[in-house]
Amino acid sequence: MSRISIHGEWSSRMAFILAATGSAVGLGNIWKFPYMAGQYGGGAFVITYLLCVIIICLPVMMAEVMLGKRGKSSPINSMQHLAEETKQSKLWVLLGWSGAIAGFLILSYYSVIAGWALAYVPELASGTFSAVKNMPSTEIAPFVDSIFNSLVENPVKLISWHTGFIIITMIMVAGGVKGGLERAVTFMMPALFIVLLVLVGYAMSTPDFMQGFHFMFNINFENLLYPNCNEQACELSGDGLLAAMGQAFFSLSLGMGSIMVYGAYLPKDASVSKVTTAVVFADTSVAILAGLIIFPIVFSNGLEPGAGVGLVFKTLPIAFGQMPFGTLFGTLFFVLLVLAALSSSISLIEPVVAWLVETGKFTRITASILSGMVVWLVGLTTVFSFNIWSEFKPLGGLNLFELIDYLTSNIMLPLSGLLIAIFVGWLMKKTIVAEELNSSSFSFGYRIWYFLLRYITPFGVSIVFLNAIGVFS
Ligand code: PFF
């Protein structure tokens with residue numbers, strides 16, 4: 001028997017593609033992917049990331065959309081229903097819960113970083129970075145460093161921007177599926193793509209474009225396997241592989257319920273394989289473009305590719321400071337980055353808001369306010385990680401922000417992905433799966449997907465996990 005979503009549906013297949021692309025494309029592509037690729041040495045990270053996207057994440061994404069389409073409600077209630085329907089343990093509902101918790105944790109820091117992007121809008125609009133035009137090249141890096149540091153070292157500024165971003169997110173979520181979301185992503189995603197292409201054009205004109213290109217596509221597995229290499233010692237670590245896989249899950253918004261809840265709003269006749277492939281393609285292209293923009297600027301201006309979380313906030317303003325109409329393009333870019341972050345942040349909180357509404361005790365508005373307040377509070381840990389608590393490293397030498405990021409991206413998301421693969425690949429009836437995918441279980445595409453999901457995904461995720469905890473070393 002087919003269920004109906006109480007939250008409404010996307011008006012078309014295209015609306016789902018845009019919303020899911022909006023969820024996938026965000027800070028993960030433009031902020032996180034380049035700095036992680038920089039920290040893990042470039043090419044090897046990029047290639048491993050691409051492999052994870054294709055053989056592990058694409059099959060999981062189809063499975064996750066399919067679960068949502070079958071369950072037709074928040075991930076918590078969908079998993080409860082699906083566990084009953086499949087006659088499996090009630091404990092499968094924990095998959096929905098872990099997604100909801102991961103969403104809170106991710107959004108808590110996501111909002112702080114999106115706050116940086118918000119803060120950069122007036123900074124660019126006022127032409128601060130035009131100063132780099134007349135600077136000797138040796139002064140450029142310290143100049144951009146100082147602007148970035150004066151932001152992150154100031155908790156009051158960070159809290160204000162974090163609060164602003166959470167409020168905008170909650171207003172959009174309170175607006176509902178069609179009203180806020182669908183309309184926003186329809187113009188935003190194409191606009192972001194155009195600005196990115198302009199920036200690629202600029203990066204290609206810098207003298208170090210090829211160096212940037214090589215950095216991204218030259219495979220140097222040593223840097224991935226030995227990220228902490230120095231002259232004295234090279235410590236073997238599976239962390240680079242784990243980071244690449246975690247980033248693939250994060251970038252595609254997988255294992256968290258976002259994609260599942262968006263799948264719940266999908267019309268019955270939509271083809272899951274086509275829409276997911278489109279989303280994966282768009283998301284991966286944006287990440288690669290972001291890298292192609294950032295690394296040439298890094299090499300042309302004496303910055304460090306491994307500079308960490310501030311990388312994008314230091315490289316791009318240099319480009320905007322130097323290019324014609326840079327103030328205009330720069331402002332536009334950071335506005336679009338905020339919007340891209342917004343279309344992701346709403347998907348981070350939607351699973352919880354949808355669940356609260358389904359309990360029957362809250363309206364969408366109160367559910368949004370309540371969850372926004374909790375996320376805001378947890379976000380303070382990230383705010384302080386960059387200043388007053390920067391030396392507080394409770395576990396593994398990581399501060400609270402790094403710990404939350406590590407735990408969610410590298411552990412919770414891939415682990416949920418693994419469980420999704422097991423549930424759909426091994427426990428659900430093949431006929432139901434094929435029906436929801438609008439496919440015949442004998443078709444060639446279906447059989448490849450099913451094989452990847454049943455064997456390759458669980459194997460791949462397990463190997464990367466085991467490697468990271470040092471089983472093979
Ligand atoms: N995919 C988003 C990005 O790359 O910025 C972040 C994200 C959104 C992660 C939704 C997880 C999620 F469920």
# chains A, B, ... in the order shown; residues from 1 in each chain; ligands from 1
$ residues_around --residues "stretch 452-456 of chain A" --least-positions-apart "2" --cutoff "9 Å" --atoms "only C-alpha atoms" --output "PyMOL selection string"
chain A and resi 55-56+59-60+63+421-422+424-426+447-450+458-461
$ write_last_selection --atoms "N, CA, C and O atoms" --output "mmCIF file, in the first residue's frame"
data_model
loop_
_atom_site.group_PDB
_atom_site.id
_atom_site.type_symbol
_atom_site.label_atom_id
_atom_site.label_comp_id
_atom_site.auth_asym_id
_atom_site.auth_seq_id
_atom_site.Cartn_x
_atom_site.Cartn_y
_atom_site.Cartn_z
ATOM 1 N N ILE A 55 31.851 4.575 -6.895
ATOM 2 C CA ILE A 55 31.519 3.179 -6.568
ATOM 3 C C ILE A 55 30.856 2.984 -5.207
ATOM 4 O O ILE A 55 30.234 1.974 -4.971
ATOM 5 N N ILE A 56 30.989 3.963 -4.325
ATOM 6 C CA ILE A 56 30.353 3.786 -3.012
ATOM 7 C C ILE A 56 29.123 4.692 -2.864
ATOM 8 O O ILE A 56 28.033 4.238 -2.523
ATOM 9 N N PRO A 59 25.693 4.514 -5.529
ATOM 10 C CA PRO A 59 24.713 3.476 -5.170
ATOM 11 C C PRO A 59 23.982 3.777 -3.853
ATOM 12 O O PRO A 59 22.779 3.535 -3.743
ATOM 13 N N VAL A 60 24.700 4.338 -2.861
ATOM 14 C CA VAL A 60 24.043 4.630 -1.578
ATOM 15 C C VAL A 60 23.001 5.726 -1.772
ATOM 16 O O VAL A 60 21.912 5.678 -1.192
ATOM 17 N N ALA A 63 19.888 4.334 -3.104
ATOM 18 C CA ALA A 63 19.199 3.559 -2.063
ATOM 19 C C ALA A 63 18.516 4.498 -1.070
ATOM 20 O O ALA A 63 17.375 4.255 -0.647
ATOM 21 N N ALA A 421 23.142 0.472 2.889
ATOM 22 C CA ALA A 421 23.467 -0.533 1.867
ATOM 23 C C ALA A 421 23.014 -1.916 2.332
ATOM 24 O O ALA A 421 22.455 -2.700 1.556
ATOM 25 N N ILE A 422 23.225 -2.216 3.614
ATOM 26 C CA ILE A 422 22.836 -3.538 4.122
ATOM 27 C C ILE A 422 21.309 -3.677 4.126
ATOM 28 O O ILE A 422 20.754 -4.683 3.680
ATOM 29 N N VAL A 424 18.965 -2.045 2.337
ATOM 30 C CA VAL A 424 18.343 -2.118 0.999
ATOM 31 C C VAL A 424 18.866 -3.324 0.227
ATOM 32 O O VAL A 424 18.108 -4.042 -0.429
ATOM 33 N N GLY A 425 20.176 -3.575 0.322
ATOM 34 C CA GLY A 425 20.774 -4.630 -0.488
ATOM 35 C C GLY A 425 20.476 -6.032 0.014
ATOM 36 O O GLY A 425 20.358 -6.962 -0.774
ATOM 37 N N TRP A 426 20.340 -6.184 1.318
ATOM 38 C CA TRP A 426 20.212 -7.534 1.875
ATOM 39 C C TRP A 426 18.869 -7.817 2.543
ATOM 40 O O TRP A 426 18.448 -8.959 2.627
ATOM 41 N N ARG A 447 20.995 -4.300 -12.204
ATOM 42 C CA ARG A 447 21.856 -5.382 -11.685
ATOM 43 C C ARG A 447 23.224 -4.848 -11.266
ATOM 44 O O ARG A 447 23.772 -5.285 -10.256
ATOM 45 N N ILE A 448 23.744 -3.861 -12.015
ATOM 46 C CA ILE A 448 25.040 -3.283 -11.628
ATOM 47 C C ILE A 448 24.889 -2.562 -10.290
ATOM 48 O O ILE A 448 25.685 -2.725 -9.359
ATOM 49 N N TRP A 449 23.832 -1.744 -10.189
ATOM 50 C CA TRP A 449 23.602 -0.989 -8.951
ATOM 51 C C TRP A 449 23.475 -1.931 -7.759
ATOM 52 O O TRP A 449 24.085 -1.748 -6.708
ATOM 53 N N TYR A 450 22.687 -2.989 -7.948
ATOM 54 C CA TYR A 450 22.420 -3.919 -6.850
ATOM 55 C C TYR A 450 23.709 -4.610 -6.411
ATOM 56 O O TYR A 450 23.970 -4.790 -5.223
ATOM 57 N N PRO A 458 29.550 -2.112 1.063
ATOM 58 C CA PRO A 458 29.923 -2.579 2.404
ATOM 59 C C PRO A 458 31.409 -2.922 2.499
ATOM 60 O O PRO A 458 32.077 -2.569 3.466
ATOM 61 N N PHE A 459 31.925 -3.541 1.452
ATOM 62 C CA PHE A 459 33.338 -3.913 1.452
ATOM 63 C C PHE A 459 34.212 -2.655 1.495
ATOM 64 O O PHE A 459 35.122 -2.536 2.320
ATOM 65 N N GLY A 460 33.915 -1.699 0.618
ATOM 66 C CA GLY A 460 34.710 -0.468 0.525
ATOM 67 C C GLY A 460 34.706 0.302 1.841
ATOM 68 O O GLY A 460 35.762 0.652 2.372
ATOM 69 N N VAL A 461 33.514 0.518 2.400
ATOM 70 C CA VAL A 461 33.430 1.294 3.643
ATOM 71 C C VAL A 461 34.185 0.558 4.765
ATOM 72 O O VAL A 461 34.962 1.161 5.508
#
$ residues_near_ligand --ligand "ligand 1" --cutoff "9 Å" --atoms "only C-alpha atoms and all ligand atoms" --output "ChimeraX atom specification"
/A:21-33,99,102-103,106-107,110,247-259,283,287,340-341,343-349,409,413
$ closest_residue --among "A:Phe104, A:Phe16, A:Tyr120, A:Phe423" --to "A:Val378" --atoms "only C-alpha atoms"
A:Phe104
$ residues_around --residues "A:Asp145" --least-positions-apart "4" --cutoff "9 Å" --atoms "only C-alpha atoms" --output "compact mmCIF listing (two decimals) with N, CA and C atoms, in the first residue's frame"
# COMPACT_ATOMS: atom_id res chain seq x y z
N ILE A 140 51.01 40.24 0.27
CA ILE A 140 49.62 39.83 0.04
C ILE A 140 49.15 38.77 1.05
N ALA A 141 49.97 37.71 1.19
CA ALA A 141 49.54 36.63 2.09
C ALA A 141 49.33 37.13 3.53
N ASN A 149 41.99 36.39 10.20
CA ASN A 149 42.19 36.16 11.64
C ASN A 149 41.38 37.13 12.49
N SER A 150 41.27 38.38 12.02
CA SER A 150 40.54 39.34 12.85
C SER A 150 39.05 38.95 12.93
N GLY A 310 40.93 28.15 6.53
CA GLY A 310 40.80 29.52 6.01
C GLY A 310 41.13 29.64 4.53
N PHE A 313 38.90 31.50 2.13
CA PHE A 313 38.66 32.88 2.54
C PHE A 313 39.91 33.74 2.36
N LYS A 314 41.01 33.10 2.03
CA LYS A 314 42.23 33.87 1.78
C LYS A 314 42.53 33.93 0.29
$ residues_around --residues "A:Ser385" --least-positions-apart "4" --cutoff "10 Å" --atoms "only C-alpha atoms" --output "VMD selection string"
chain A and resid 152 to 153 155 379 to 381 389 to 393 398 to 402
$ select_by_dssp --residues "stretch 200-306 of chain A" --states "helix (DSSP H, G or I)" --output "PyMOL selection string"
chain A and resi 200-205+209-217+221-225+239-251+258-264+272-300
$ atom_distance --atom1 "atom CA of A:Leu403" --atom2 "atom CA of A:Ser108"
12.5 Å
$ closest_residue --among "A:Leu377, A:Gln88, A:Met245, A:Pro142" --to "A:Leu105" --atoms "only C-alpha atoms"
A:Leu377
$ residues_around --residues "A:Leu199" --least-positions-apart "4" --cutoff "7 Å" --atoms "only C-alpha atoms" --output "VMD selection string"
chain A and resid 195 203 293
$ closest_atom_pairs --of "stretch 70-177 of chain A" --to "stretch 435-443 of chain A" --cutoff "12 Å" --atoms "only C-alpha atoms" --output "CSV"
residue,atom,partner,partner_atom,distance
A:Arg70,CA,A:Glu436,CA,6.6
A:Gly71,CA,A:Glu436,CA,10.4
A:Lys72,CA,A:Glu436,CA,11.5
$ write_last_selection --atoms "C-alpha atoms" --output "compact mmCIF listing (two decimals), in the first residue's frame"
# COMPACT_ATOMS: atom_id res chain seq x y z
CA ARG A 70 8.95 4.26 0.03
CA GLY A 71 8.71 5.61 3.58
CA LYS A 72 7.14 8.97 2.65
$ atom_distance --atom1 "atom CA of A:Met79" --atom2 "atom CA of A:Ala243"
27.6 Å
$ atom_distance --atom1 "atom CA of A:Ile113" --atom2 "atom CA of A:Gly330"
17.4 Å
$ residues_around --residues "A:Asn467" --least-positions-apart "4" --cutoff "9 Å" --atoms "only C-alpha atoms" --output "ChimeraX atom specification"
/A:237-239,241-242,462-463,471-473
